[in-house]
Structure formats: structure tokens, C-alpha cells
Amino acid sequence: MTTLTGVAGAGGVAPDTPVRRGRRGAGAWRYAVLLVLGLYFLVPICASVWFTVRDRRTGGVTAEHYTGIPGAEGFADAFGRSLALAALTVVLALALMVPTVVLVELRLPRLRTTVELLTLMPLVLPPIALVVGVRSVLSWAPDYFLNTPLADAFFALQKPSLPWILVFVYVILVLPFVYRALDAGVRGSDLKTLTEAARSLGASWPRVLTSVVLPVLRTSVLNASFLTVALVMGEFTIAVILGFETFPTWIVRISGSQPQLSVAVSVLSLMVTWGLLLLISALDRRRGTKENP
Amino acid sequence: MTAVSAHAAGPADLRERPGVAVRLEGLTRRYGSVVALDGLDLDISGGEFVALLGPSGCGKTTALRAIAGFDRPDGGRVLVDRRDVTDVPANKRDMGMVFQAYSLFPNLTVAENVAFGLRVRRRAKPERAGRAAELLDLVGLADRAGRYPHQLSGGQQQRVALARALAVAPQVLLLDEPLSALDAQVRVQLREEIRRIQLELGITTVFVTHDQSEALSVADRVGVLRAGRLEQIAGPDELYERPATAFVAEFVGTMNRLPATLSGGEVEVLAVRRAVAGAAPPTRPVVALIRPESLLVEADPAGDGRVVTRTFSGASTRLAIALPGGVEVRADVASAASQHLIPGTAVRVRPAERPVLVAPAEPA
């Protein structure tokens with residue numbers, strides 16, 4: 001018998017963990033561990049912030065490196081490109097994985113292990129191996145298909161203003177995270193019964209997907225999207241090897257000439273990431289309070 | 001839990017709609033080497049409440065899913081109102097279904113859940129709201145319209161699921177063990193409510209259950225399934241009093257198996273002769289199948305039975321009695337007349353004066 005006690009926020013909501021009363025002294029340990037971890041994370045961040053706000057000429061504090069970001073040479077292009085890549089990767093990865101996960105759950109449960117293994121491949125295979133392969137195909141294919149539409153397609157994939165090839169490679173890179181986030185949501189809910197209920201009430205399959213599956217998997221979809229955005233906004237190796245300028249490669253490029261600006265951008269992007277994270281949990285909490293008056 | 005009271009008799013369009021007949025013809029379904037349905041034939045009249053009863057794996061749920069359109073049979077046809085719907089997808093079948101698992105959409109309120117089918121059918125908002133209110137009233141949950149499913153008890157969730165299934169005015173109502181996740185008390189209450197609503201609306205209903213008391217108490221007819229075939233379908237009384245086969249006899253109600261011998265068209269059991277009910281099996285040895293209430297028990301110092309346990313349950317009391325040869329029987333006696341039959345009492349047991357069902361001695 002399946003009971004749906006944990007449906008709300010499926011995927012992102014852990015069951016309540018009972019607080020265990022430890023021995024005397026456990027509290028002290030807890031704070032010690034927290035302190036060490038806190039220092040480990042906070043010291044570099046604080047140092048970065050200090051580095052960006054220190055005015056070397058006057059010895060005072062200045063925000064000029066932050067205010068100068070929007071006008072910095074190449075920033076708008078690189079940042080906008082990375083955002084576009086992130087958005088396209090999210091859309092493509094979800095369009096690929098939501099139906100896959102749902103299909104595996106509802107119709108092909110025996111394929112679950114296979115799909116799980118397949119989505120693990122990008123973690124097992126080093127990105128460098130993937131990108132070297134992609135690069136050699138990209139350099140070889142246009143010559144091979146010269147004067148055919150395929151050659152044009154290969155050129156279009158590598159357009160520096162919006163390199164679609166990065167979208168495709170990033171979709172592969174995010175598969176493990178997207179699959180796991182969605183799979184957790186699916187397992188936490190009785191999707192089979194819910195879809196059958198919707199079907200018997202007259203809903204078509206597209207309707208089932210939009211009215212039942214996506215709302216049930218909402219938190220999982222948000223988690224998957226967030227992980228994807230974070231990964232794309234920080235991905236350096238593949239972009240640099242394929243020779244495209246994205247946000248991370250831009251940061252590295254300007255770090256030589258304007259080190260304080262590049263660190264300011266890094267700090268800011270960290271803040272944006274945290275902001276997104278808080279937003280997702282806030283959305284989840286809002287739903288929780290709505291349902292628990 | 002909201003008390004069940006006499007509610008309005010339900011939406012008028014549902015009430016005035018005549019129930020439609022459902023017919024299953026030679027339904028066959030195999031999963032690999034397992035045969036879930038083996039040429040199942042079943043006729044359900046319009047407005048009838050039929051329960052499908054059987055042990056797990058007997059095919060009852062598969063049959064229901066074939067009617068709903070969730071499971072495509074390998075052979076045979078499903079006819080609803082004389083129309084062949086075997087190839088019609090589930091969302092075009094016009095059936096309401098209540099599931100064993102809680103199936104309310106967690107992101108929608110109770111009222112939105114009930115109105116879901118109408119939203120799919122693009123009905124206007126006021127109509128949807130009015131209909132949801134009407135049906136929630138029918139199941140006694142009008143005051144929970146704004147709640148979310150996880151704020152309801154299991155019984156309430158199943159009532160909302162029932163209201164949701166009925167909101168689209170389906171031709172047939174399908175119930176897939178809707179009570180099995182609930183507490184015993186809520187179960188009894190809800191099954192009576194389901195029956196009340198079904199009678200009010202006159203909707204053809206198929207109710208799958210493995211609980212025989214549930215099936216016998218609410219259905220017009222009960223079909224007992226075994227290995228993908230219908231073993232017997234009959235009214236509750238007939239099924240209990242005149243089971244067609246030993247399987248039905250033992251699956252429905254409690255049954256004692258007593259060593260017996262056949263001779264001259266009669267059966268000798270507990271040293272008395274009784275007529276054989278139905279056909280006697282061709283094989284020997286045989287056992288007599290006798291219900292606990294068809295055994296007469298008397299205190300008798302010379303009797304060869306000994307009361308082992310005595311279980312009081314209101315008007316009647318069940319006795320477990322050890323007989324010679326390691327046979328133990330259960331007998332139901334009137335509580336008022338059996339206070340002296342305490343454990344250890346020597347008793348004499350004999351079958352009541354009525355034909356006795358006989359089956360092959362090996363378990364069927």
C-alpha cells in the first residue's frame with residue numbers, strides 16, 4: 001500500500017529527522033565542527049570581498065570595482081551568452097529528461113537501471129575526454145561535408161555569438177544531476193496512480209504532463225534547473241578548449257589586467273547563486289505554509 | 001471524521017441518467033507466462049453494483065483495469081452500453097474510478113480536485129464550482145472544500161476521490177479496493193456510504209475487493225474469480241448459502257472441512273446421514289463442507305468433542321471444538337444459550353438438518 005505522506009515538495013523534502021540527544025559534550029563538538037567548516041568556507045570569501053573593496057591608493061574602502069562591472073569590456077556579451085546557454089541547457093535537459101523519467105516510471109520500470117547507468121556516464125567519463133572528441137569532430141566534419149547543408153550546420157553550431165555546441169555538451173554534463181533530481185521527485189510520489197486518475201477523468205497525455213506530472217515534480221524541476229544553471233555559469237574547461245568566450249572564461253581573461261574586477265565578479269556570481277538557492281527554498285516554504293494554515 | 005447523514009440526493013443529471021450495461025466477452029490477459037485473465041465473461045446490468053472478489057492474483061484488478069482502459073487485453077472485448085470500447089483510450093471512456101492508493105492531486109485543493117474532470121472538459125468556472133460543491137455535499141465534506149489533500153484523513157481523501165470520480169457524471173463507476181487502506185471502522189462507514197450514493201444515483205458500479213464481508217455487504221451480485229476465470233457470480237445470499245464450487249464455499253465465509261463418506265446418494269458425516277447439496281465429486285475420498293452456523297452443539301458428557309476455545313462476539317459465540325482424529329471444527333452458537341459451553345466441556349456435534357456440500361478431500 002502506498003501512502004502519499006511526503007508528496008508536497010517531492011524530491012526536495014527530507015523526512016523529519018528526529019533529533020537525537022547525544023552525550024554531554026556532543027554540543028561542543030557540533031560547534032567545533034561548525035566553526036572549522038565555517039572558517040573553511042568563509043575565510044576565502046571574506047578575503048575575496050576585502051580584496052575587491054580595498055582601495056589601494058587611499059587605503060580606504062571603495063565599491064568602484066562592483067559598480068564598474070556592468071560597463072567592463074566584454075562583460076555584457078560574455079554574461080549574456082552564459083545566461084542564454086544556461087537557459088537553453090535547462091530547457092533542453094528538462095525536455096529530454098522529464099518525459100524520460102516519467103516514461104521509465106510508468107511504462108518501462110525495467111529500464112530504470114539502464115537509464116540510471118547511462119546518466120552516470122558523464123561523471124565517469126572525464127569532461128576533457130568528451131571535449132577533445134567533440135573538438136576533433138568539429139574540425140574534421142565541415143571539411144568532410146564540404147558543400148553540403150551538414151557543413152553549414154556544423155558552422156552554425158560553432159557560431160561565437162551563441163555556440164549551440166556548448167548547449168549540447170552541457171546537456172550531457174548535467175544529465176546525472178537532472179536525472180537524480182527528477183528521479184527523487186518521481187519516487188517520492190505515486191505518479192502512476194495520479195496519472196491514471198487524471199486519465200480516467202478525461203485528461204489527454206499532454207494535459208497529464210502539464211497539470212499533474214509537472215506540479216507534482218515542481219520542486220524536483222526547480223532543483224534540476226538550479227543545478228544546471230550553476231553548472232553552466234561556472235563551466236570553464238570545455239568552453240576554453242572549444243575556444244568560446246563565456247562568463248567564466250571572461251573572468252579568467254580579465255584577471256590578468258584587472259584582478260580586482262575579476263574577483264568582484266566572482267564574488268557577485270557567488271551571491272547570485274546563493275540568491276537562487278534561497279529563492280528555491282523560499283518557493284518551497286511558501287507552498288508549505290499555503291498548505292499548512 | 002464527518003458524520004454521515006442524509007444528504008441531498010446528489011446532482012439531478014446523475015440521478016436521472018439510467019445506468020448502462022457493461023459486458024466483458026472472453027477477456028484474456030497474459031503477463032509473460034502468467035495468465036491474469038483467462039477468457040473472462042461477465043454481464044453487468046445497468047445500475048447494478050457488482051463486486052469482484054478473489055484472492056490476490058486472481059485477475060480481479062486486471063479485469064477492472066481492462067474496463068477502465070488502463071490495461072489492454074490480449075483477447076476479448078469490453079462493451080459499455082453495447083458499444084465496443086476495447087480500443088478506446090482511458091481518457092475517452094467516460095468512467096469514474098476510485099483507486100486503492102490515495103490519488104488526489106497534491107497541488108490542488110479538495111474543490112479543485114473534484115472539479116478537475118470538468119476543467120479538462122472546459123466547463124465554465126461557475127459550473128465547475130457549483131458542481132464541486134454539490135458533490136462534496138453528497139460525500140459529506142462540503143466544509144473541507146478549501147483544504148489540501150494532505151490535510152484530510154484517509155477516509156476523507158477517499159470520499160473526495162469518490163466525489164471527483166462522480167463529478168464528470170461517468171457512465172460507470174469503478175472502485176479498485178478503495179477501502180483497503182482505511183481503518184476497520186471507517187471502512188464499514190464508507191462502504192455503506194458508497195452503497196447509499198450508488199443507489200441514489202443508480203450508476204453501474206464495479207467494485208474490486210479481496211474482503212468478502214465488504215463484497216457481500218454492499219453488492220447486488222458478487223463474482224468470485226479464480227485464476228482469471230469467474231468461478232461463480234450470484235447474489236450475496238445465494239453465494240453464501242449455495243456456493244457452486246468448493247473454492248467459492250471456502251473463500252466466502254468460514255467453512256469447516258469434515259471427513260465424510262458417500263453412499264447411496266447421501267453423505268455420512270459426524271455419524272449422521274445427510275443429502276448431498278449439488279453434485280457429488282467423482283473422486284474419493286471426500287470431505288463435507290459445513291458452515292459454523294450449520295453445526296449443532298450440545299453439552300453431552302458422553303460426547304466425543306471437547307470445547308477448546310470460546311470467542312464471544314455479541315449475539316453469537318464461536319466455539320472451537322476438538323473432535324477425534326485431530327479434527328478441529330468451528331461452530332457458531334447463540335450466546336444466550338451457550339454460557340455453559342466453556343473450554344473443556346464435553347460436547348456432541350452434528351450437522352444441521354439440511355443438504356451438505358461435498359468436495360474432494362485434497363485441498364482444491
# chains A, B, ... in the order shown; residues from 1 in each chain; ligands from 1
call {"tool": "select_by_dssp", "arguments": {"residues": "range 118-288 of chain A", "states": "alpha helix (DSSP H)", "output": "ChimeraX atom specification"}}
result
/A:118-124,127-144,149-157,164-187,191-200,205-208,214-216,218-234,237-242,247-255,259-288
call {"tool": "interface_residues", "arguments": {"of": "chain A", "to": "chain B", "cutoff": "6 Å", "atoms": "only C-alpha atoms", "output": "ChimeraX atom specification"}}
result
/A:2,193-194,199-203
call {"tool": "write_last_selection", "arguments": {"atoms": "C-alpha atoms", "output": "mmCIF file, in the first residue's frame"}}
result
data_model
loop_
_atom_site.group_PDB
_atom_site.id
_atom_site.type_symbol
_atom_site.label_atom_id
_atom_site.label_comp_id
_atom_site.auth_asym_id
_atom_site.auth_seq_id
_atom_site.Cartn_x
_atom_site.Cartn_y
_atom_site.Cartn_z
ATOM 1 C CA THR A 2 1.353 3.343 -0.935
ATOM 2 C CA THR A 193 -1.933 6.344 -9.644
ATOM 3 C CA LEU A 194 -2.060 10.111 -10.129
ATOM 4 C CA ARG A 199 -6.568 9.827 -17.425
ATOM 5 C CA SER A 200 -9.817 8.372 -16.157
ATOM 6 C CA LEU A 201 -11.084 11.926 -15.622
ATOM 7 C CA GLY A 202 -10.562 12.590 -19.309
ATOM 8 C CA ALA A 203 -7.118 14.216 -19.430
#
call {"tool": "closest_residue", "arguments": {"among": "A:Ala129, A:Val232, A:Val102, A:Ala32", "to": "Val167 in chain A", "atoms": "only C-alpha atoms"}}
result
A:Val232
call {"tool": "residues_around", "arguments": {"residues": "Leu261 in chain A", "least_positions_apart": "6", "cutoff": "12 Å", "atoms": "only C-alpha atoms", "output": "VMD selection string"}}
result
chain A and resid 48 to 49 51 to 54 63 to 73 75 250 to 255 267 to 268
call {"tool": "residues_around", "arguments": {"residues": "range 152-157 of chain A", "least_positions_apart": "4", "cutoff": "8 Å", "atoms": "only C-alpha atoms", "output": "list in words"}}
result
Leu138, Ala141, Pro142, Thr148, Pro163, Trp164 and Ile165 of chain A
call {"tool": "write_last_selection", "arguments": {"atoms": "C-alpha atoms", "output": "compact mmCIF listing (two decimals), in the first residue's frame"}}
result
# COMPACT_ATOMS: atom_id res chain seq x y z
CA LEU A 138 34.13 19.82 -35.16
CA ALA A 141 33.29 17.40 -40.10
CA PRO A 142 32.99 20.71 -42.00
CA THR A 148 26.51 20.13 -48.11
CA PRO A 163 27.65 28.40 -29.60
CA TRP A 164 24.93 25.73 -29.68
CA ILE A 165 27.56 23.03 -29.47
call {"tool": "closest_residue", "arguments": {"among": "B:Thr309, B:Gln198, B:Ser45, B:Thr261", "to": "Leu138 in chain B", "atoms": "only C-alpha atoms"}}
result
B:Gln198
call {"tool": "atom_distance", "arguments": {"atom1": "CA of Leu209 in chain A", "atom2": "CA of Arg128 in chain B"}}
result
21.7 Å
call {"tool": "residues_around", "arguments": {"residues": "range 75-83 of chain B", "least_positions_apart": "6", "cutoff": "6 Å", "atoms": "only C-alpha atoms", "output": "PyMOL selection string"}}
result
chain B and resi 20-28
call {"tool": "atom_distance", "arguments": {"atom1": "CA of Glu238 in chain B", "atom2": "CA of Glu328 in chain B"}}
result
26.6 Å
call {"tool": "atom_distance", "arguments": {"atom1": "CA of Gly39 in chain B", "atom2": "CA of Pro178 in chain B"}}
result
25.8 Å
call {"tool": "residues_around", "arguments": {"residues": "Glu293 in chain B", "least_positions_apart": "5", "cutoff": "7 Å", "atoms": "only C-alpha atoms", "output": "list in words"}}
result
Ala331, Asp332 and Val333 of chain B
call {"tool": "closest_residue", "arguments": {"among": "A:Leu191, A:Leu242, A:Ala95, A:Leu278", "to": "Val216 in chain A", "atoms": "only C-alpha atoms"}}
result
A:Leu191
call {"tool": "residues_around", "arguments": {"residues": "Val349 in chain B", "least_positions_apart": "4", "cutoff": "7 Å", "atoms": "only C-alpha atoms", "output": "MDAnalysis selection string"}}
result
chainID B and resid 295:298 305
call {"tool": "closest_residue", "arguments": {"among": "A:Thr195, A:Thr100, A:Thr58, A:Thr114", "to": "Val208 in chain A", "atoms": "only C-alpha atoms"}}
result
A:Thr195
